[in-house]
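The file my_file.pdb contains PDB, N, CA and C atoms, pLDDT in the B column:
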ATOM      1  N   MET A1321       0.847  -1.171   0.000  1.00 67.00           N
ATOM      2  CA  MET A1321       0.000   0.000   0.000  1.00 67.00           C
ATOM      3  C   MET A1321       0.900   1.246   0.000  1.00 67.00           C
ATOM      4  N   PRO A1322       0.614   2.186  -0.911  1.00 69.00           N
ATOM      5  CA  PRO A1322       1.457   3.395  -0.960  1.00 69.00           C
ATOM      6  C   PRO A1322       1.263   4.265   0.280  1.00 69.00           C
ATOM      7  N   THR A1323       2.358   4.887   0.690  1.00 80.00           N
ATOM      8  CA  THR A1323       2.296   5.795   1.824  1.00 80.00           C
ATOM      9  C   THR A1323       1.978   7.202   1.323  1.00 80.00           C
ATOM     10  N   THR A1324       1.691   8.092   2.242  1.00 85.00           N
ATOM     11  CA  THR A1324       1.450   9.489   1.900  1.00 85.00           C
ATOM     12  C   THR A1324       2.682  10.079   1.225  1.00 85.00           C
ATOM     13  N   LEU A1325       3.866   9.671   1.668  1.00 83.00           N
ATOM     14  CA  LEU A1325       5.114  10.133   1.066  1.00 83.00           C
ATOM     15  C   LEU A1325       5.189   9.716  -0.401  1.00 83.00           C
ATOM     16  N   ASP A1326       4.797   8.482  -0.703  1.00 81.00           N
ATOM     17  CA  ASP A1326       4.808   8.006  -2.083  1.00 81.00           C
ATOM     18  C   ASP A1326       3.814   8.780  -2.945  1.00 81.00           C
ATOM     19  N   VAL A1327       2.658   9.060  -2.411  1.00 87.00           N
ATOM     20  CA  VAL A1327       1.650   9.813  -3.160  1.00 87.00           C
ATOM     21  C   VAL A1327       2.148  11.229  -3.434  1.00 87.00           C
ATOM     22  N   GLY A1328       2.712  11.867  -2.424  1.00 87.00           N
ATOM     23  CA  GLY A1328       3.264  13.213  -2.610  1.00 87.00           C
ATOM     24  C   GLY A1328       4.382  13.216  -3.640  1.00 87.00           C
ATOM     25  N   ASN A1329       5.245  12.230  -3.586  1.00 85.00           N
ATOM     26  CA  ASN A1329       6.339  12.149  -4.549  1.00 85.00           C
ATOM     27  C   ASN A1329       5.847  11.789  -5.942  1.00 85.00           C
ATOM     28  N   PHE A1330       4.718  11.125  -6.051  1.00 88.00           N
ATOM     29  CA  PHE A1330       4.131  10.872  -7.359  1.00 88.00           C
ATOM     30  C   PHE A1330       3.764  12.196  -8.035  1.00 88.00           C
ATOM     31  N   PHE A1331       3.214  13.132  -7.257  1.00 89.00           N
ATOM     32  CA  PHE A1331       2.894  14.448  -7.811  1.00 89.00           C
ATOM     33  C   PHE A1331       4.165  15.199  -8.208  1.00 89.00           C
ATOM     34  N   LEU A1332       5.233  15.065  -7.415  1.00 84.00           N
ATOM     35  CA  LEU A1332       6.512  15.657  -7.798  1.00 84.00           C
ATOM     36  C   LEU A1332       7.035  15.019  -9.080  1.00 84.00           C
ATOM     37  N   PHE A1333       6.837  13.714  -9.215  1.00 86.00           N
ATOM     38  CA  PHE A1333       7.248  12.985 -10.410  1.00 86.00           C
ATOM     39  C   PHE A1333       6.569  13.566 -11.647  1.00 86.00           C
ATOM     40  N   LEU A1334       5.257  13.743 -11.565  1.00 89.00           N
ATOM     41  CA  LEU A1334       4.520  14.304 -12.696  1.00 89.00           C
ATOM     42  C   LEU A1334       4.914  15.752 -12.958  1.00 89.00           C
ATOM     43  N   SER A1335       5.085  16.527 -11.908  1.00 87.00           N
ATOM     44  CA  SER A1335       5.431  17.942 -12.091  1.00 87.00           C
ATOM     45  C   SER A1335       6.793  18.103 -12.743  1.00 87.00           C
ATOM     46  N   GLY A1336       7.715  17.194 -12.463  1.00 84.00           N
ATOM     47  CA  GLY A1336       9.034  17.257 -13.087  1.00 84.00           C
ATOM     48  C   GLY A1336       8.932  17.189 -14.603  1.00 84.00           C
ATOM     49  N   PHE A1337       8.085  16.300 -15.105  1.00 84.00           N
ATOM     50  CA  PHE A1337       7.918  16.185 -16.555  1.00 84.00           C
ATOM     51  C   PHE A1337       7.207  17.397 -17.141  1.00 84.00           C
ATOM     52  N   LEU A1338       6.234  17.922 -16.419  1.00 87.00           N
ATOM     53  CA  LEU A1338       5.542  19.125 -16.899  1.00 87.00           C
ATOM     54  C   LEU A1338       6.494  20.321 -16.944  1.00 87.00           C
ATOM     55  N   MET A1339       7.370  20.434 -15.966  1.00 85.00           N
ATOM     56  CA  MET A1339       8.329  21.539 -15.950  1.00 85.00           C
ATOM     57  C   MET A1339       9.346  21.380 -17.080  1.00 85.00           C
ATOM     58  N   PHE A1340       9.802  20.143 -17.327  1.00 81.00           N
ATOM     59  CA  PHE A1340      10.704  19.899 -18.455  1.00 81.00           C
ATOM     60  C   PHE A1340      10.036  20.325 -19.765  1.00 81.00           C
ATOM     61  N   TYR A1341       8.774  19.976 -19.925  1.00 84.00           N
ATOM     62  CA  TYR A1341       8.035  20.317 -21.137  1.00 84.00           C
ATOM     63  C   TYR A1341       7.946  21.830 -21.312  1.00 84.00           C
ATOM     64  N   THR A1342       7.633  22.547 -20.239  1.00 82.00           N
ATOM     65  CA  THR A1342       7.536  24.003 -20.305  1.00 82.00           C
ATOM     66  C   THR A1342       8.882  24.617 -20.675  1.00 82.00           C
ATOM     67  N   ALA A1343       9.947  24.164 -20.047  1.00 79.00           N
ATOM     68  CA  ALA A1343      11.281  24.702 -20.333  1.00 79.00           C
ATOM     69  C   ALA A1343      11.717  24.351 -21.752  1.00 79.00           C
ATOM     70  N   TYR A1344      11.311  23.195 -22.240  1.00 77.00           N
ATOM     71  CA  TYR A1344      11.659  22.798 -23.605  1.00 77.00           C
ATOM     72  C   TYR A1344      10.958  23.701 -24.626  1.00 77.00           C
ATOM     73  N   ARG A1345       9.690  23.999 -24.372  1.00 82.00           N
ATOM     74  CA  ARG A1345       8.931  24.852 -25.289  1.00 82.00           C
ATOM     75  C   ARG A1345       9.410  26.290 -25.269  1.00 82.00           C
ATOM     76  N   ASP A1346       9.767  26.801 -24.080  1.00 79.00           N
ATOM     77  CA  ASP A1346      10.148  28.208 -23.948  1.00 79.00           C
ATOM     78  C   ASP A1346      11.365  28.300 -23.038  1.00 79.00           C
ATOM     79  N   ARG A1347      12.540  28.272 -23.610  1.00 75.00           N
ATOM     80  CA  ARG A1347      13.765  28.282 -22.810  1.00 75.00           C
ATOM     81  C   ARG A1347      13.982  29.618 -22.117  1.00 75.00           C
ATOM     82  N   GLU A1348      13.301  30.660 -22.571  1.00 77.00           N
ATOM     83  CA  GLU A1348      13.422  31.973 -21.939  1.00 77.00           C
ATOM     84  C   GLU A1348      12.884  31.950 -20.509  1.00 77.00           C
ATOM     85  N   VAL A1349      12.024  30.980 -20.194  1.00 77.00           N
ATOM     86  CA  VAL A1349      11.457  30.893 -18.850  1.00 77.00           C
ATOM     87  C   VAL A1349      12.554  30.670 -17.807  1.00 77.00           C
ATOM     88  N   LEU A1350      13.676  30.078 -18.217  1.00 77.00           N
ATOM     89  CA  LEU A1350      14.757  29.789 -17.279  1.00 77.00           C
ATOM     90  C   LEU A1350      15.435  31.059 -16.771  1.00 77.00           C
ATOM     91  N   LYS A1351      15.343  32.145 -17.536  1.00 77.00           N
ATOM     92  CA  LYS A1351      15.974  33.396 -17.118  1.00 77.00           C
ATOM     93  C   LYS A1351      15.292  34.016 -15.900  1.00 77.00           C
ATOM     94  N   GLY A1352      14.086  33.603 -15.607  1.00 82.00           N
ATOM     95  CA  GLY A1352      13.345  34.172 -14.490  1.00 82.00           C
ATOM     96  C   GLY A1352      13.699  33.587 -13.135  1.00 82.00           C
ATOM     97  N   TYR A1353      14.525  32.568 -13.098  1.00 87.00           N
ATOM     98  CA  TYR A1353      14.879  31.924 -11.837  1.00 87.00           C
ATOM     99  C   TYR A1353      16.081  32.598 -11.186  1.00 87.00           C
ATOM    100  N   ASN A1354      16.093  32.577  -9.869  1.00 89.00           N
ATOM    101  CA  ASN A1354      17.197  33.121  -9.078  1.00 89.00           C
ATOM    102  C   ASN A1354      18.238  32.026  -8.885  1.00 89.00           C
ATOM    103  N   LEU A1355      19.507  32.334  -9.184  1.00 91.00           N
ATOM    104  CA  LEU A1355      20.560  31.310  -9.097  1.00 91.00           C
ATOM    105  C   LEU A1355      20.746  30.807  -7.671  1.00 91.00           C
ATOM    106  N   ALA A1356      20.837  31.701  -6.705  1.00 93.00           N
ATOM    107  CA  ALA A1356      21.056  31.274  -5.311  1.00 93.00           C
ATOM    108  C   ALA A1356      19.897  30.407  -4.823  1.00 93.00           C
ATOM    109  N   GLY A1357      18.683  30.811  -5.117  1.00 92.00           N
ATOM    110  CA  GLY A1357      17.519  30.023  -4.708  1.00 92.00           C
ATOM    111  C   GLY A1357      17.477  28.670  -5.387  1.00 92.00           C
ATOM    112  N   THR A1358      17.846  28.644  -6.660  1.00 92.00           N
ATOM    113  CA  THR A1358      17.868  27.390  -7.401  1.00 92.00           C
ATOM    114  C   THR A1358      18.914  26.444  -6.836  1.00 92.00           C
ATOM    115  N   LEU A1359      20.103  26.963  -6.522  1.00 95.00           N
ATOM    116  CA  LEU A1359      21.146  26.114  -5.945  1.00 95.00           C
ATOM    117  C   LEU A1359      20.736  25.567  -4.578  1.00 95.00           C
ATOM    118  N   MET A1360      20.052  26.385  -3.769  1.00 95.00           N
ATOM    119  CA  MET A1360      19.567  25.894  -2.472  1.00 95.00           C
ATOM    120  C   MET A1360      18.512  24.810  -2.662  1.00 95.00           C
ATOM    121  N   LEU A1361      17.658  24.976  -3.664  1.00 93.00           N
ATOM    122  CA  LEU A1361      16.641  23.972  -3.944  1.00 93.00           C
ATOM    123  C   LEU A1361      17.280  22.661  -4.404  1.00 93.00           C
ATOM    124  N   VAL A1362      18.285  22.748  -5.270  1.00 95.00           N
ATOM    125  CA  VAL A1362      19.003  21.553  -5.727  1.00 95.00           C
ATOM    126  C   VAL A1362      19.660  20.853  -4.533  1.00 95.00           C
ATOM    127  N   LEU A1363      20.295  21.616  -3.673  1.00 96.00           N
ATOM    128  CA  LEU A1363      20.928  21.035  -2.493  1.00 96.00           C
ATOM    129  C   LEU A1363      19.886  20.386  -1.574  1.00 96.00           C
ATOM    130  N   GLY A1364      18.782  21.068  -1.351  1.00 95.00           N
ATOM    131  CA  GLY A1364      17.728  20.536  -0.487  1.00 95.00           C
ATOM    132  C   GLY A1364      17.141  19.246  -1.017  1.00 95.00           C
ATOM    133  N   ILE A1365      16.806  19.220  -2.308  1.00 94.00           N
ATOM    134  CA  ILE A1365      16.246  18.005  -2.893  1.00 94.00           C
ATOM    135  C   ILE A1365      17.290  16.883  -2.871  1.00 94.00           C
ATOM    136  N   GLY A1366      18.553  17.233  -3.124  1.00 96.00           N
ATOM    137  CA  GLY A1366      19.616  16.231  -3.059  1.00 96.00           C
ATOM    138  C   GLY A1366      19.725  15.603  -1.681  1.00 96.00           C
ATOM    139  N   LEU A1367      19.634  16.424  -0.648  1.00 96.00           N
ATOM    140  CA  LEU A1367      19.693  15.900   0.720  1.00 96.00           C
ATOM    141  C   LEU A1367      18.477  15.045   1.051  1.00 96.00           C
ATOM    142  N   ILE A1368      17.323  15.425   0.513  1.00 94.00           N
ATOM    143  CA  ILE A1368      16.116  14.620   0.723  1.00 94.00           C
ATOM    144  C   ILE A1368      16.289  13.257   0.065  1.00 94.00           C
ATOM    145  N   ILE A1369      16.868  13.233  -1.132  1.00 95.00           N
ATOM    146  CA  ILE A1369      17.099  11.952  -1.807  1.00 95.00           C
ATOM    147  C   ILE A1369      18.067  11.092  -1.002  1.00 95.00           C
ATOM    148  N   VAL A1370      19.102  11.699  -0.439  1.00 96.00           N
ATOM    149  CA  VAL A1370      20.036  10.952   0.421  1.00 96.00           C
ATOM    150  C   VAL A1370      19.280  10.355   1.603  1.00 96.00           C
ATOM    151  N   PHE A1371      18.388  11.125   2.202  1.00 95.00           N
ATOM    152  CA  PHE A1371      17.575  10.620   3.317  1.00 95.00           C
ATOM    153  C   PHE A1371      16.721   9.439   2.870  1.00 95.00           C
ATOM    154  N   TYR A1372      16.080   9.582   1.695  1.00 93.00           N
ATOM    155  CA  TYR A1372      15.252   8.483   1.183  1.00 93.00           C
ATOM    156  C   TYR A1372      16.080   7.211   1.018  1.00 93.00           C
ATOM    157  N   VAL A1373      17.295   7.338   0.492  1.00 96.00           N
ATOM    158  CA  VAL A1373      18.170   6.176   0.307  1.00 96.00           C
ATOM    159  C   VAL A1373      18.522   5.562   1.662  1.00 96.00           C
ATOM    160  N   GLN A1374      18.871   6.417   2.629  1.00 97.00           N
ATOM    161  CA  GLN A1374      19.237   5.913   3.964  1.00 97.00           C
ATOM    162  C   GLN A1374      18.085   5.151   4.610  1.00 97.00           C
ATOM    163  N   GLU A1375      16.870   5.620   4.372  1.00 93.00           N
ATOM    164  CA  GLU A1375      15.700   4.980   4.979  1.00 93.00           C
ATOM    165  C   GLU A1375      15.141   3.836   4.134  1.00 93.00           C
ATOM    166  N   GLY A1376      15.669   3.673   2.923  1.00 93.00           N
ATOM    167  CA  GLY A1376      15.185   2.610   2.060  1.00 93.00           C
ATOM    168  C   GLY A1376      13.884   2.934   1.348  1.00 93.00           C
ATOM    169  N   TYR A1377      13.602   4.211   1.165  1.00 90.00           N
ATOM    170  CA  TYR A1377      12.384   4.644   0.466  1.00 90.00           C
ATOM    171  C   TYR A1377      12.656   4.688  -1.032  1.00 90.00           C
ATOM    172  N   TRP A1378      12.799   3.535  -1.654  1.00 91.00           N
ATOM    173  CA  TRP A1378      13.234   3.461  -3.054  1.00 91.00           C
ATOM    174  C   TRP A1378      12.197   3.998  -4.022  1.00 91.00           C
ATOM    175  N   VAL A1379      10.927   3.824  -3.709  1.00 89.00           N
ATOM    176  CA  VAL A1379       9.883   4.381  -4.576  1.00 89.00           C
ATOM    177  C   VAL A1379       9.988   5.902  -4.580  1.00 89.00           C
ATOM    178  N   SER A1380      10.188   6.492  -3.404  1.00 90.00           N
ATOM    179  CA  SER A1380      10.315   7.943  -3.309  1.00 90.00           C
ATOM    180  C   SER A1380      11.568   8.450  -4.015  1.00 90.00           C
ATOM    181  N   VAL A1381      12.659   7.689  -3.938  1.00 92.00           N
ATOM    182  CA  VAL A1381      13.879   8.076  -4.653  1.00 92.00           C
ATOM    183  C   VAL A1381      13.571   8.164  -6.145  1.00 92.00           C
ATOM    184  N   PHE A1382      12.977   7.107  -6.682  1.00 91.00           N
ATOM    185  CA  PHE A1382      12.651   7.071  -8.103  1.00 91.00           C
ATOM    186  C   PHE A1382      11.696   8.197  -8.500  1.00 91.00           C
ATOM    187  N   LEU A1383      10.684   8.433  -7.683  1.00 90.00           N
ATOM    188  CA  LEU A1383       9.672   9.439  -8.024  1.00 90.00           C
ATOM    189  C   LEU A1383      10.200  10.870  -7.912  1.00 90.00           C
ATOM    190  N   THR A1384      11.243  11.092  -7.152  1.00 91.00           N
ATOM    191  CA  THR A1384      11.791  12.434  -6.966  1.00 91.00           C
ATOM    192  C   THR A1384      12.814  12.791  -8.044  1.00 91.00           C
ATOM    193  N   LEU A1385      13.371  11.813  -8.713  1.00 91.00           N
ATOM    194  CA  LEU A1385      14.456  12.063  -9.677  1.00 91.00           C
ATOM    195  C   LEU A1385      14.099  13.003 -10.834  1.00 91.00           C
ATOM    196  N   PRO A1386      12.914  12.910 -11.473  1.00 89.00           N
ATOM    197  CA  PRO A1386      12.633  13.858 -12.556  1.00 89.00           C
ATOM    198  C   PRO A1386      12.604  15.311 -12.079  1.00 89.00           C
ATOM    199  N   ASN A1387      12.029  15.550 -10.911  1.00 90.00           N
ATOM    200  CA  ASN A1387      11.982  16.914 -10.368  1.00 90.00           C
ATOM    201  C   ASN A1387      13.385  17.407 -10.055  1.00 90.00           C
ATOM    202  N   TYR A1388      14.189  16.541  -9.465  1.00 92.00           N
ATOM    203  CA  TYR A1388      15.576  16.879  -9.151  1.00 92.00           C
ATOM    204  C   TYR A1388      16.359  17.154 -10.433  1.00 92.00           C
ATOM    205  N   GLY A1389      16.133  16.330 -11.439  1.00 90.00           N
ATOM    206  CA  GLY A1389      16.796  16.541 -12.724  1.00 90.00           C
ATOM    207  C   GLY A1389      16.442  17.871 -13.345  1.00 90.00           C
ATOM    208  N   TYR A1390      15.180  18.255 -13.240  1.00 89.00           N
ATOM    209  CA  TYR A1390      14.761  19.551 -13.781  1.00 89.00           C
ATOM    210  C   TYR A1390      15.532  20.680 -13.116  1.00 89.00           C
ATOM    211  N   TRP A1391      15.611  20.653 -11.801  1.00 92.00           N
ATOM    212  CA  TRP A1391      16.297  21.742 -11.093  1.00 92.00           C
ATOM    213  C   TRP A1391      17.795  21.730 -11.358  1.00 92.00           C
ATOM    214  N   LEU A1392      18.372  20.572 -11.615  1.00 92.00           N
ATOM    215  CA  LEU A1392      19.778  20.520 -12.020  1.00 92.00           C
ATOM    216  C   LEU A1392      19.967  21.202 -13.376  1.00 92.00           C
ATOM    217  N   VAL A1393      19.039  20.967 -14.296  1.00 88.00           N
ATOM    218  CA  VAL A1393      19.096  21.609 -15.607  1.00 88.00           C
ATOM    219  C   VAL A1393      18.951  23.122 -15.472  1.00 88.00           C
ATOM    220  N   VAL A1394      18.032  23.563 -14.635  1.00 90.00           N
ATOM    221  CA  VAL A1394      17.845  25.004 -14.416  1.00 90.00           C
ATOM    222  C   VAL A1394      19.115  25.612 -13.832  1.00 90.00           C
ATOM    223  N   ALA A1395      19.696  24.961 -12.841  1.00 92.00           N
ATOM    224  CA  ALA A1395      20.930  25.485 -12.229  1.00 92.00           C
ATOM    225  C   ALA A1395      22.044  25.561 -13.266  1.00 92.00           C
ATOM    226  N   ALA A1396      22.200  24.528 -14.068  1.00 90.00           N
ATOM    227  CA  ALA A1396      23.241  24.530 -15.106  1.00 90.00           C
ATOM    228  C   ALA A1396      22.992  25.639 -16.120  1.00 90.00           C
ATOM    229  N   ALA A1397      21.737  25.837 -16.508  1.00 87.00           N
ATOM    230  CA  ALA A1397      21.411  26.897 -17.476  1.00 87.00           C
ATOM    231  C   ALA A1397      21.701  28.277 -16.887  1.00 87.00           C
ATOM    232  N   LEU A1398      21.368  28.482 -15.627  1.00 89.00           N
ATOM    233  CA  LEU A1398      21.624  29.774 -14.989  1.00 89.00           C
ATOM    234  C   LEU A1398      23.120  30.049 -14.872  1.00 89.00           C
ATOM    235  N   ILE A1399      23.874  29.022 -14.503  1.00 91.00           N
ATOM    236  CA  ILE A1399      25.343  29.189 -14.408  1.00 91.00           C
ATOM    237  C   ILE A1399      25.914  29.488 -15.785  1.00 91.00           C
ATOM    238  N   ARG A1400      25.432  28.783 -16.773  1.00 88.00           N
ATOM    239  CA  ARG A1400      25.888  29.009 -18.152  1.00 88.00           C
ATOM    240  C   ARG A1400      25.569  30.428 -18.613  1.00 88.00           C
ATOM    241  N   MET A1401      24.374  30.913 -18.286  1.00 86.00           N
ATOM    242  CA  MET A1401      23.980  32.277 -18.671  1.00 86.00           C
ATOM    243  C   MET A1401      24.874  33.328 -18.003  1.00 86.00           C
ATOM    244  N   ARG A1402      25.272  33.054 -16.762  1.00 86.00           N
ATOM    245  CA  ARG A1402      26.137  33.990 -16.042  1.00 86.00           C
ATOM    246  C   ARG A1402      27.535  34.016 -16.606  1.00 86.00           C
ATOM    247  N   MET A1403      27.987  32.909 -17.174  1.00 86.00           N
ATOM    248  CA  MET A1403      29.343  32.836 -17.707  1.00 86.00           C
ATOM    249  C   MET A1403      29.475  33.526 -19.062  1.00 86.00           C
ATOM    250  N   LYS A1404      28.360  33.763 -19.726  1.00 76.00           N
ATOM    251  CA  LYS A1404      28.412  34.408 -21.042  1.00 76.00           C
ATOM    252  C   LYS A1404      28.736  35.869 -20.935  1.00 76.00           C
TER     253      LYS A1404
END

Rewrite the structure of this file - the entire thing - as structure tokens.
Amino acid sequence: MPTTLDVGNFFLFLSGFLMFYTAYRDREVLKGYNLAGTLMLVLGIGLIIVFYVQEGYWVSVFLTLPNYGYWLVVAAALIRMRMK
């Protein structure tokens, strides 16, 4: 039986794909993000994934990866924009 954590992470799973789709259609949307806030979000989600692994919440690890991947892409794009 899925836990509340799994259900919540399922919504994060779906939102990750929707955010990827939005960024793919309009890459200009990435310019609106704050680099410091994005890096803190990437760090926070990364630490949550580490916690999930430590606790053996493998479904939650899998369901969180698309959202985490999106924020990694945003952080990389913001860093790249700053280097130009």

Checklist entry - Contacts of segment 1384-1389 of chain A at 7 Å or less, counting only N, CA and C atoms, minus same-chain residues fewer than 2 places along, as JSON, numbers by chain? => result {"A": [1329, 1330, 1332, 1333, 1335, 1336, 1337, 1362, 1365, 1366, 1379, 1380, 1381, 1382, 1391, 1392, 1393, 1394]}

Checklist entry - Between A:Met1403, A:Leu1383, A:Ala1397, A:Met1360, which one has atoms that come closest to Arg1347 of chain A, using only C-alpha atoms? => result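 Checking each candidate against Arg1347 of chain A, we get A:Ala1397 as the closest.
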
Next on the checklist: For the structure I just gave you, how does DSSP split chain A - specifically, which residues are alpha helix (DSSP H)? Reply as a count of residues only.
Outcome noted: 69

Next on the checklist: Report, in Å to a single decimal, how far apart atom C of Val1327 of chain A and atom N of Tyr1353 of chain A are.
Outcome noted: 26.5 Å

Checklist entry - Expressed in Å to a single decimal, how great is the separation between atom C of Lys1404 of chain A and atom C of Gly1357 of chain A? => result 20.5 Å

Next on the checklist: Could you list, as a list in words, every residue within 7 Å of Leu1355 of chain A, counting all atoms listed in the file and ignoring same-chain residues fewer than 4 positions away?
Outcome noted: Leu1359, Met1360, Ala1395, Leu1398 and Ile1399 of chain A

Checklist entry - What does the distance between atom CA of Ile1369 of chain A and atom CA of Leu1325 of chain A come to in Å, to one decimal place? => result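 A separation of 12.5 Å between them.
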